[in-house]
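Text of start14.txt (compact mmCIF, C-alpha atoms and all ligand atoms) as supplied:
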```txt
# COMPACT_ATOMS: atom_id res chain seq x y z
CA MET A 1 -16.28 -27.44 -15.72
CA SER A 2 -17.16 -26.40 -12.22
CA GLU A 3 -14.40 -26.80 -9.72
CA SER A 4 -14.34 -25.86 -6.09
CA ILE A 5 -11.48 -23.63 -5.06
CA THR A 6 -8.83 -24.47 -2.56
CA ASN A 7 -6.81 -21.54 -1.32
CA SER A 8 -3.10 -21.47 -1.99
CA SER A 9 -2.26 -20.15 1.45
CA ASN A 10 -3.47 -18.65 4.70
CA ALA A 11 -7.13 -18.58 3.81
CA SER A 12 -8.90 -17.87 7.03
CA ASP A 13 -12.42 -18.04 5.63
CA GLN A 14 -13.28 -21.55 4.56
CA SER A 15 -16.77 -20.60 3.37
CA LEU A 16 -15.23 -18.40 0.66
CA SER A 17 -12.73 -21.05 -0.34
CA THR A 18 -15.47 -23.48 -1.33
CA LEU A 19 -17.37 -21.10 -3.61
CA PRO A 20 -17.31 -22.34 -7.22
CA LEU A 21 -15.85 -20.19 -10.00
CA PRO A 22 -18.13 -19.47 -12.97
CA ASP A 23 -18.33 -22.57 -15.18
CA PHE A 24 -16.47 -21.16 -18.16
CA LEU A 25 -13.36 -20.14 -16.22
CA PRO A 26 -10.33 -22.31 -15.49
CA ASP A 27 -8.99 -22.71 -11.97
CA TYR A 28 -6.76 -19.72 -11.22
CA HIS A 29 -4.19 -22.12 -9.73
CA VAL A 30 -3.54 -23.62 -13.16
CA GLN A 31 -0.31 -22.25 -14.64
CA SER A 32 1.25 -22.72 -18.07
CA PRO A 33 4.73 -24.31 -18.09
CA GLU A 34 6.24 -20.83 -18.75
CA VAL A 35 4.48 -19.29 -15.76
CA LYS A 36 5.45 -22.25 -13.55
CA ALA A 37 9.08 -21.85 -14.63
CA ARG A 38 8.97 -18.12 -13.83
CA PHE A 39 7.78 -18.80 -10.28
CA LYS A 40 10.36 -21.53 -9.82
CA LYS A 41 13.07 -19.03 -10.80
CA LEU A 42 11.55 -16.33 -8.59
CA TYR A 43 11.61 -18.55 -5.47
CA GLN A 44 15.27 -19.32 -6.08
CA ARG A 45 16.12 -15.64 -5.69
CA LYS A 46 17.16 -14.13 -2.38
CA ILE A 47 14.42 -13.01 0.01
CA ILE A 48 14.69 -9.21 0.30
CA LEU A 49 11.86 -8.45 2.69
CA GLU A 50 10.76 -10.73 5.52
CA ILE A 51 7.63 -9.93 7.50
CA ARG A 52 7.03 -12.19 10.51
CA ASP A 53 4.01 -12.08 12.84
CA LEU A 54 3.61 -8.33 12.28
CA VAL A 55 1.06 -6.77 14.64
CA LYS A 56 -0.12 -3.15 14.73
CA HIS A 57 -2.75 -1.54 16.97
CA PHE A 58 -4.07 2.01 16.94
CA GLU A 59 -5.49 3.74 20.00
CA THR A 60 -8.74 5.51 19.09
CA PRO A 61 -11.43 7.26 21.19
CA GLN A 62 -13.55 4.11 20.62
CA GLY A 63 -10.78 1.86 21.98
CA LYS A 64 -7.91 -0.15 20.61
CA VAL A 65 -8.10 -1.07 16.88
CA LEU A 66 -6.18 -4.13 15.70
CA ALA A 67 -5.11 -2.83 12.26
CA LEU A 68 -2.73 -5.69 11.36
CA ASN A 69 -2.77 -9.13 12.93
CA LYS A 70 0.08 -11.64 12.54
CA ILE A 71 1.07 -10.74 8.98
CA ASN A 72 3.58 -13.22 7.53
CA PHE A 73 5.03 -12.66 4.10
CA ASP A 74 8.32 -12.79 2.17
CA ILE A 75 9.20 -10.78 -0.93
CA TYR A 76 11.89 -12.05 -3.30
CA ARG A 77 14.47 -9.96 -5.12
CA ARG A 78 13.02 -8.25 -8.24
CA GLU A 79 9.56 -9.50 -7.40
CA PHE A 80 6.52 -7.30 -8.08
CA VAL A 81 3.97 -7.72 -5.28
CA CYS A 82 0.59 -6.01 -5.16
CA VAL A 83 -1.37 -5.60 -1.93
CA ILE A 84 -5.12 -5.50 -2.22
CA GLY A 85 -8.08 -5.70 0.14
CA PRO A 86 -11.22 -3.91 1.27
CA SER A 87 -11.10 -0.43 2.74
CA GLY A 88 -9.67 -0.51 6.26
CA CYS A 89 -7.79 -3.81 5.89
CA GLY A 90 -4.48 -2.11 6.67
CA LYS A 91 -2.87 -1.71 3.23
CA SER A 92 -1.61 1.80 3.93
CA THR A 93 -0.61 0.92 7.49
CA LEU A 94 1.47 -1.95 6.12
CA SER A 95 3.20 0.23 3.52
CA ARG A 96 3.84 2.97 6.10
CA ILE A 97 5.39 0.43 8.48
CA LEU A 98 7.63 -0.87 5.69
CA ALA A 99 8.58 2.72 4.84
CA GLY A 100 9.51 3.24 8.51
CA LEU A 101 6.89 5.97 8.92
CA GLU A 102 4.80 3.98 11.41
CA SER A 103 5.88 1.93 14.43
CA TYR A 104 4.58 -1.60 15.06
CA ASP A 105 3.73 -3.48 18.24
CA GLY A 106 4.82 -7.01 17.50
CA GLY A 107 6.71 -9.22 15.07
CA THR A 108 9.65 -8.42 12.85
CA VAL A 109 10.22 -6.63 9.55
CA LEU A 110 13.61 -7.36 7.99
CA LEU A 111 15.02 -5.81 4.83
CA ASP A 112 18.10 -7.70 3.67
CA GLY A 113 18.15 -9.26 7.13
CA LYS A 114 18.21 -5.91 8.96
CA ALA A 115 15.33 -4.66 11.11
CA VAL A 116 13.33 -1.79 9.62
CA GLU A 117 13.48 1.09 12.09
CA GLY A 118 12.53 4.44 10.58
CA PRO A 119 12.85 5.70 7.00
CA SER A 120 16.02 4.98 5.04
CA ARG A 121 17.43 5.33 1.53
CA ASP A 122 17.15 1.57 1.02
CA ARG A 123 13.36 2.04 0.68
CA GLY A 124 11.99 4.38 -1.97
CA MET A 125 8.45 5.70 -1.65
CA VAL A 126 5.83 6.90 -4.12
CA PHE A 127 2.45 7.72 -2.65
CA GLN A 128 -0.78 8.98 -4.20
CA GLY A 129 -0.52 12.72 -3.48
CA TYR A 130 2.11 14.40 -5.60
CA THR A 131 4.93 14.84 -3.18
CA LEU A 132 7.24 16.88 -5.40
CA PHE A 133 8.69 20.10 -4.03
CA PRO A 134 6.80 22.82 -5.93
CA TRP A 135 9.66 25.34 -5.63
CA ARG A 136 12.22 23.00 -7.22
CA THR A 137 12.52 22.23 -10.93
CA VAL A 138 11.99 18.65 -12.11
CA LYS A 139 15.75 18.09 -12.25
CA HIS A 140 16.28 19.53 -8.77
CA ASN A 141 13.45 17.39 -7.40
CA VAL A 142 15.20 14.27 -8.71
CA MET A 143 18.57 15.50 -7.41
CA PHE A 144 17.21 16.09 -3.90
CA GLY A 145 17.94 12.68 -2.31
CA LEU A 146 21.42 12.52 -3.79
CA GLU A 147 22.30 15.98 -2.47
CA MET A 148 20.97 15.01 0.95
CA SER A 149 23.23 11.97 0.99
CA GLY A 150 26.26 14.17 0.32
CA LYS A 151 26.76 13.45 -3.39
CA GLY A 152 28.43 16.28 -5.35
CA LYS A 153 26.33 18.65 -7.45
CA HIS A 154 27.78 17.49 -10.77
CA GLU A 155 27.33 13.78 -10.00
CA SER A 156 23.78 14.37 -8.71
CA GLU A 157 22.89 16.34 -11.81
CA GLN A 158 24.25 13.65 -14.15
CA SER A 159 22.28 10.90 -12.36
CA ALA A 160 19.12 13.03 -12.36
CA LEU A 161 19.44 13.70 -16.09
CA GLN A 162 19.98 9.99 -16.79
CA TRP A 163 16.80 9.20 -14.89
CA LEU A 164 14.82 11.89 -16.66
CA ASP A 165 15.98 10.40 -19.93
CA LEU A 166 14.86 6.94 -18.81
CA ILE A 167 11.37 8.16 -17.90
CA GLY A 168 11.13 10.24 -21.08
CA LEU A 169 11.09 13.66 -19.39
CA SER A 170 14.47 15.09 -20.44
CA ASN A 171 12.73 18.00 -22.11
CA PHE A 172 11.10 18.95 -18.82
CA ALA A 173 14.26 19.01 -16.67
CA ASP A 174 13.91 22.74 -16.02
CA ALA A 175 10.12 22.79 -15.69
CA TYR A 176 8.38 23.20 -12.32
CA PRO A 177 5.87 20.63 -11.01
CA HIS A 178 2.88 22.91 -11.69
CA GLN A 179 3.78 22.81 -15.40
CA LEU A 180 3.41 18.99 -15.52
CA SER A 181 0.39 16.71 -15.94
CA GLY A 182 -0.54 14.28 -13.15
CA GLY A 183 1.10 11.34 -14.94
CA MET A 184 4.31 13.32 -15.53
CA LYS A 185 4.44 14.29 -11.85
CA GLN A 186 4.20 10.65 -10.84
CA ARG A 187 6.95 9.73 -13.30
CA VAL A 188 9.17 12.35 -11.67
CA ALA A 189 8.21 10.97 -8.23
CA ILE A 190 9.27 7.49 -9.38
CA ALA A 191 12.57 8.83 -10.75
CA ARG A 192 13.15 10.75 -7.52
CA ALA A 193 12.66 7.56 -5.51
CA LEU A 194 14.77 5.36 -7.79
CA VAL A 195 17.73 7.72 -8.19
CA ASN A 196 18.75 6.76 -4.63
CA GLU A 197 19.03 3.12 -5.74
CA PRO A 198 16.71 1.71 -3.07
CA ARG A 199 16.41 -2.06 -2.54
CA ILE A 200 12.63 -1.88 -2.61
CA LEU A 201 10.14 0.62 -4.02
CA LEU A 202 7.00 1.09 -1.90
CA MET A 203 4.07 2.47 -3.87
CA ASP A 204 0.74 3.29 -2.17
CA GLU A 205 -2.04 3.91 -4.72
CA PRO A 206 0.46 5.88 -6.84
CA PHE A 207 -1.88 6.10 -9.84
CA GLY A 208 -5.11 6.49 -7.85
CA ALA A 209 -5.59 10.15 -8.79
CA LEU A 210 -4.97 9.68 -12.53
CA ASP A 211 -7.59 9.32 -15.26
CA ALA A 212 -8.01 5.85 -16.76
CA GLN A 213 -5.93 6.50 -19.89
CA THR A 214 -2.99 8.08 -18.04
CA ARG A 215 -3.16 5.30 -15.47
CA CYS A 216 -2.84 2.70 -18.21
CA LYS A 217 0.22 4.49 -19.65
CA MET A 218 1.79 4.72 -16.19
CA GLN A 219 1.30 0.99 -15.62
CA LYS A 220 3.21 0.32 -18.85
CA HIS A 221 5.96 2.78 -17.86
CA LEU A 222 6.32 1.17 -14.47
CA LEU A 223 6.56 -2.35 -15.92
CA GLU A 224 9.19 -1.09 -18.37
CA ILE A 225 11.24 0.48 -15.56
CA TRP A 226 10.90 -2.64 -13.39
CA ARG A 227 12.03 -4.87 -16.27
CA ASN A 228 15.17 -2.84 -16.78
CA ILE A 229 16.53 -2.18 -13.30
CA ASP A 230 17.27 -4.23 -10.20
CA ILE A 231 14.29 -3.20 -8.11
CA THR A 232 11.71 -5.03 -6.02
CA ILE A 233 8.25 -3.42 -5.86
CA LEU A 234 5.46 -3.50 -3.30
CA PHE A 235 2.42 -1.78 -4.78
CA VAL A 236 -0.81 -1.04 -2.90
CA THR A 237 -3.94 -0.70 -5.02
CA HIS A 238 -7.73 -0.85 -4.88
CA ASP A 239 -7.93 -1.82 -8.53
CA LEU A 240 -8.19 -5.57 -9.18
CA ASP A 241 -7.19 -5.32 -12.86
CA GLU A 242 -4.19 -3.15 -11.99
CA ALA A 243 -3.03 -5.75 -9.46
CA ILE A 244 -3.34 -8.61 -11.97
CA LEU A 245 -1.67 -6.62 -14.73
CA LEU A 246 1.33 -5.70 -12.59
CA ALA A 247 1.97 -8.37 -9.99
CA ASP A 248 3.90 -11.60 -9.76
CA ARG A 249 1.97 -12.31 -6.56
CA ILE A 250 -0.98 -10.55 -4.96
CA LEU A 251 -1.23 -10.30 -1.19
CA VAL A 252 -4.95 -10.21 -0.39
CA LEU A 253 -5.78 -8.77 3.03
CA LYS A 254 -9.07 -8.90 4.88
CA ALA A 255 -10.34 -6.27 7.31
CA HIS A 256 -11.17 -6.25 11.04
CA PRO A 257 -8.58 -7.28 11.87
CA GLY A 258 -6.25 -6.83 8.90
CA GLU A 259 -4.99 -10.33 8.13
CA VAL A 260 -3.54 -12.19 5.17
CA GLN A 261 -6.45 -13.86 3.44
CA GLU A 262 -4.61 -15.37 0.51
CA ILE A 263 -1.42 -14.98 -1.50
CA ILE A 264 -2.17 -15.46 -5.18
CA GLU A 265 0.42 -16.37 -7.80
CA VAL A 266 -0.82 -14.50 -10.89
CA PRO A 267 -1.09 -17.10 -13.68
CA VAL A 268 -1.06 -14.50 -16.50
CA PRO A 269 2.14 -14.81 -18.58
CA ARG A 270 4.61 -11.94 -19.04
CA PRO A 271 5.12 -9.62 -20.80
CA ARG A 272 1.75 -8.24 -19.77
CA SER A 273 -0.51 -5.89 -21.65
CA GLU A 274 -4.13 -4.80 -21.38
CA ARG A 275 -4.88 -7.14 -24.30
CA GLN A 276 -4.68 -10.02 -21.78
CA ILE A 277 -7.53 -8.60 -19.74
CA ASN A 278 -10.03 -11.00 -21.33
CA SER A 279 -7.76 -14.06 -21.27
CA PRO A 280 -9.13 -17.03 -19.28
CA GLU A 281 -6.35 -16.87 -16.67
CA PHE A 282 -6.85 -13.10 -16.18
CA LEU A 283 -10.62 -13.53 -15.77
CA ALA A 284 -10.16 -16.49 -13.40
CA THR A 285 -7.81 -14.46 -11.19
CA ARG A 286 -10.21 -11.52 -11.28
CA ALA A 287 -13.14 -13.74 -10.29
CA ARG A 288 -11.15 -15.07 -7.33
CA LEU A 289 -10.17 -11.56 -6.19
CA ASP A 290 -13.80 -10.51 -6.54
CA GLN A 291 -14.89 -13.41 -4.36
CA LEU A 292 -12.31 -12.58 -1.72
CA ILE A 293 -12.86 -8.84 -1.65
CA HIS A 294 -16.52 -8.40 -2.55
CA GLY A 295 -17.84 -11.83 -1.53
CA ASN A 296 -20.70 -12.08 0.94
CA ASN A 297 -18.42 -12.41 3.94
CA ALA A 298 -15.97 -9.69 2.95
CA HIS A 299 -16.19 -6.64 5.15
CA ASP A 300 -15.43 -3.11 4.03
CA ASP A 301 -15.04 -0.09 6.34
CA THR A 302 -17.46 1.82 4.16
CA ASP A 303 -20.14 -0.80 5.02
CA ASP A 304 -20.25 0.73 8.48
CA GLU A 305 -21.09 4.21 7.29
CA PRO A 306 -24.86 4.68 6.90
CA LEU A 307 -25.82 7.40 4.43
CA SER A 308 -27.55 10.30 6.18
CA PRO A 309 -31.14 10.93 5.07
CA PHE A 310 -30.95 13.30 2.12
CA VAL A 311 -32.77 16.62 2.19
CA ARG A 312 -34.68 17.03 -1.07
CA LEU A 313 -33.40 20.19 -2.77
CA THR A 314 -35.28 20.11 -6.06
CA SER A 315 -38.41 22.09 -6.83
CA VAL A 316 -39.29 19.75 -9.71
CA ASP A 317 -41.82 17.37 -8.21
CA ASP A 318 -41.48 14.30 -10.42
CA ASN A 319 -38.88 11.65 -9.49
CA VAL A 320 -35.94 10.79 -11.70
CA GLU A 321 -36.01 7.13 -10.63
N1 LIG B 1 -3.69 6.98 12.67
C1 LIG B 1 -4.69 6.14 12.93
N2 LIG B 1 -5.36 6.20 14.10
C2 LIG B 1 -6.35 5.32 14.38
N3 LIG B 1 -6.75 4.33 13.56
C3 LIG B 1 -6.12 4.22 12.38
C4 LIG B 1 -5.06 5.10 12.00
N4 LIG B 1 -4.62 4.74 10.78
C5 LIG B 1 -5.36 3.68 10.40
N5 LIG B 1 -6.26 3.36 11.37
C6 LIG B 1 -7.21 2.24 11.33
O1 LIG B 1 -6.49 1.07 10.97
C7 LIG B 1 -7.23 0.29 10.04
C8 LIG B 1 -6.42 0.14 8.77
O2 LIG B 1 -6.33 1.39 8.12
P1 LIG B 1 -5.57 1.63 6.74
O3 LIG B 1 -5.68 3.07 6.38
O4 LIG B 1 -4.21 1.06 6.82
O5 LIG B 1 -6.45 0.74 5.77
P2 LIG B 1 -6.48 0.71 4.18
O6 LIG B 1 -6.68 -0.71 3.80
O7 LIG B 1 -5.27 1.40 3.64
O8 LIG B 1 -7.78 1.54 3.86
P3 LIG B 1 -8.19 2.33 2.51
O9 LIG B 1 -8.22 1.32 1.43
O10 LIG B 1 -9.54 2.89 2.82
O11 LIG B 1 -7.15 3.40 2.29
C9 LIG B 1 -8.56 1.00 9.85
O12 LIG B 1 -9.51 0.41 10.72
C10 LIG B 1 -8.27 2.42 10.24
O13 LIG B 1 -9.42 3.05 10.74
```
Can I see the file as structure tokens?
Amino acid sequence: MSESITNSSNASDQSLSTLPLPDFLPDYHVQSPEVKARFKKLYQRKIILEIRDLVKHFETPQGKVLALNKINFDIYRREFVCVIGPSGCGKSTLSRILAGLESYDGGTVLLDGKAVEGPSRDRGMVFQGYTLFPWRTVKHNVMFGLEMSGKGKHESEQSALQWLDLIGLSNFADAYPHQLSGGMKQRVAIARALVNEPRILLMDEPFGALDAQTRCKMQKHLLEIWRNIDITILFVTHDLDEAILLADRILVLKAHPGEVQEIIEVPVPRPRSERQINSPEFLATRARLDQLIHGNNAHDDTDDEPLSPFVRLTSVDDNVE
């Protein structure tokens, strides 16, 4: 079977959309009845986040950079959305705008119908660098947001302990961040964000600094948390498999300017596990993401950076290659 691909939405590059998938893979648009039913249910939920014609420029010494151009996207309640794209396509800029840490020049961003203007408790954030306060214990890190919002010490402590129980770190309540592994720190960061009961959790490469095994465990933890609480997640990643494993839909951006290239409904059934990584629908989605992100026409910021000529520093005169 060799079928040509038609994009599900917003594909701006027609040459990519006509590339055939490898013969042995199904069309990534094909969904089982269960997956179809899941999406039908999802689209009946309330829209939480509405992004309309979002535009963002940066002034640089080289001139004005159009980082995001006319981004249109809706996220539904309890949806898990991953954002993926080549380096420089504006993934971090988008998540910073949604977090209220970056201004924008055009369009609208509405959370529950209200314009996003600056950071707020209705948006939780977990970014790659460990952002825990090193001088506070794990419990006091989780209590921080509640104390800031005027909650009493006892109530804050009880909520923090409940969260630590949920993420399996009760025994570390009185430990300091430097006593934790990278994965444990990110679990605390997730608890610290969720204890404030945000409407949406914004995660920018949260597992990017973890080793492969810890990353895999964290993906499972996150899916477990997401399944059990009323939270919507927007998750930025570079990792194609991570996006497929986690997301309901994947927002694929392209660079220069950052634009929506395609929105993919992940056809892999839930519950997800790494055992599905070789399933036909997983491989078909991966092949499509590969085409979009690494295809001939895809552009990556790192493509622009020529490697400087290397000074030879070895005294051994035979070549290793
Ligand atoms: N503060 C800034 N000043 C000037 N230009 C910026 C700034 N932040 C981002 N940019 C530019 O905006 C574009 C999008 O950057 P952004 O960091 O959002 O991309 P990204 O997709 O997250 O990249 P990466 O995957 O490498 O982290 C890039 O061209 C970048 O150079």
For A:Phe39, find every residue with an atom within 10 Å (counting all atoms listed in the file), except residues of its own chain fewer than 2 positions away, and show them as a PDB file with C-alpha atoms, in the coordinates of the input.
```
ATOM      1  CA  GLN A  31      -0.310 -22.250 -14.640  1.00  0.00           C
ATOM      2  CA  GLU A  34       6.240 -20.830 -18.750  1.00  0.00           C
ATOM      3  CA  VAL A  35       4.480 -19.290 -15.760  1.00  0.00           C
ATOM      4  CA  LYS A  36       5.450 -22.250 -13.550  1.00  0.00           C
ATOM      5  CA  ALA A  37       9.080 -21.850 -14.630  1.00  0.00           C
ATOM      6  CA  LYS A  41      13.070 -19.030 -10.800  1.00  0.00           C
ATOM      7  CA  LEU A  42      11.550 -16.330  -8.590  1.00  0.00           C
ATOM      8  CA  TYR A  43      11.610 -18.550  -5.470  1.00  0.00           C
ATOM      9  CA  GLN A  44      15.270 -19.320  -6.080  1.00  0.00           C
ATOM     10  CA  GLU A  79       9.560  -9.500  -7.400  1.00  0.00           C
ATOM     11  CA  ASP A 248       3.900 -11.600  -9.760  1.00  0.00           C
ATOM     12  CA  ARG A 249       1.970 -12.310  -6.560  1.00  0.00           C
ATOM     13  CA  GLU A 265       0.420 -16.370  -7.800  1.00  0.00           C
ATOM     14  CA  VAL A 266      -0.820 -14.500 -10.890  1.00  0.00           C
ATOM     15  CA  PRO A 267      -1.090 -17.100 -13.680  1.00  0.00           C
TER      16      PRO A 267
END
```
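Here atom CA of A:Asp112 stands at a distance of 13.0 Å from atom CA of A:Arg78.
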- Task: Quote the spacing between atom CA of A:Val55 and atom C10 of ligand LIG 1 (chain B) in Å to one decimal place.
- Result: 13.8 Å
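What separates atom CA of A:Leu132 from atom CA of A:Gln186 is a distance of 8.8 Å.
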- Item | Expected selection as an MDAnalysis selection string for ligand LIG 1 (chain B) within 10 Å, only C-alpha atoms and all ligand atoms | chainID A and resid 56:68 83:97 102 204:205 236:238 253:258 300:302
- Write out as a list in words each polymer residue whose atoms come within 9 Å of A:Leu201, counting all atoms listed in the file; drop sequence neighbours fewer than 3 positions from it. Asp122, Arg123, Gly124, Met125, Val126, Ile190, Ala193, Leu194, Pro198, Ile231, Thr232, Ile233, Leu234 and Phe235 of chain A
- Could you pull the residues within 12 Å of A:Lys114, counting only C-alpha atoms, minus those fewer than 6 positions along the same chain, as number ranges by chain? A: 48-51, 108, 120, 122
- Message: Set the distance at 7 Å and use only C-alpha atoms: which residues neighbour A:Gly100 once local chain neighbours fewer than 5 positions away are removed? I'd like the list as a PyMOL selection string.
- Response: chain A and resi 116-119
- Item | Nearest-residue call for A:Thr285, choices A:Val316, A:Ile244, A:Val188, A:Ile47, using all atoms listed in the file | A:Ile244
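Closest approach to A:Arg270 among A:Lys151, A:His140, A:Arg227, A:Arg199: A:Arg227, based on only C-alpha atoms.
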